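S.K.: Just dropping this structure here.
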Amino acid sequence: MICPFCGHNDDRVIDSRPAESGRTIRRRRVCNRCERRFTTYERVEQHARLTVVKRDGSRVPFDPDNVLRGIQAACGKRPIPEAAKIAVAEAVEEELHQTCEREVESRTIGELVMARLRELDEVAYIRFASEYHQFMSVNELQRELDLLRTRPRPVKDQKALFERGQADGPGRDP
């Protein structure tokens with residue numbers, strides 16, 4: 001790294017730690033010439049920009065801020081922490097980058113957001129779904145509410161429930 005103070009290209013790292021939920025590495029460095037300290041950040045470069053194919057066939061660059069704005073609008077004044085909304089948007093973005101090469105249909109993004117909102121808050125889910133599905137009548141909305149009621153609720157830490165059952169052995173009650 002080039003020292004921002006003296007311009008010398010010789011330094012050593014004195015501290016490294018993850019930042020931004022592990023997506024970035026923060027490094028404290030010291031210049032070997034002027035001995036002043038400075039901070040650098042390393043981030044993984046997204047190798048390919050993702051393009052969103054909209055319903056009308058047009059293509060636009062993927063913008064994670066659009067996803068977050070949609071989530072925030074659906075949550076409205078619900079008692080949902082901002083950090084939870086951001087976590088949903090980041091999880092959707094991460095899944096898109098893992099599963100999509102270059103293009104993703106807007107429908108796919110909407111379904112990913114709805115799946116996560118369903119777990120976070122049912123009212124926010126219904127708000128988002130009503131825009132996403134473009135309900136034209138109360139009957140369409142009622143059908144979605146009925147579907148929501150019949151779906152099993154996700155169980156937090158479900159894996160732990162199964163592990164506990166296996167540790168107790170077959171045929172034994174916990």
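Ordering of the structure tokens sets the chain letters (A, B, ...); residue numbers start at 1 within each chain; ligands are numbered from 1 in the order shown.
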Can you tell me which residues surround A:Asn32 at a distance of at most 8 Å, considering only C-alpha atoms, apart from same-chain residues fewer than 3 positions away, and format the answer as a PyMOL selection string?
M.R.: chain A and resi 10-12+35
S.K.: For atom CA of A:Ser58 and atom CA of A:Gly110, quote the distance in Å rounded to one decimal.
M.R.: 16.4 Å
S.K.: Report the distance between atom CA of A:Gly70 and atom CA of A:Ala91 in Å, rounded to one decimal place.
M.R.: 14.3 Å
S.K.: Select, from A:Val44, A:Ala87, A:Cys100, A:Val30, the residue with the minimum atom-to-atom distance to A:Phe62, counting only C-alpha atoms.
M.R.: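 Closest to A:Phe62, using only C-alpha atoms: A:Cys100.
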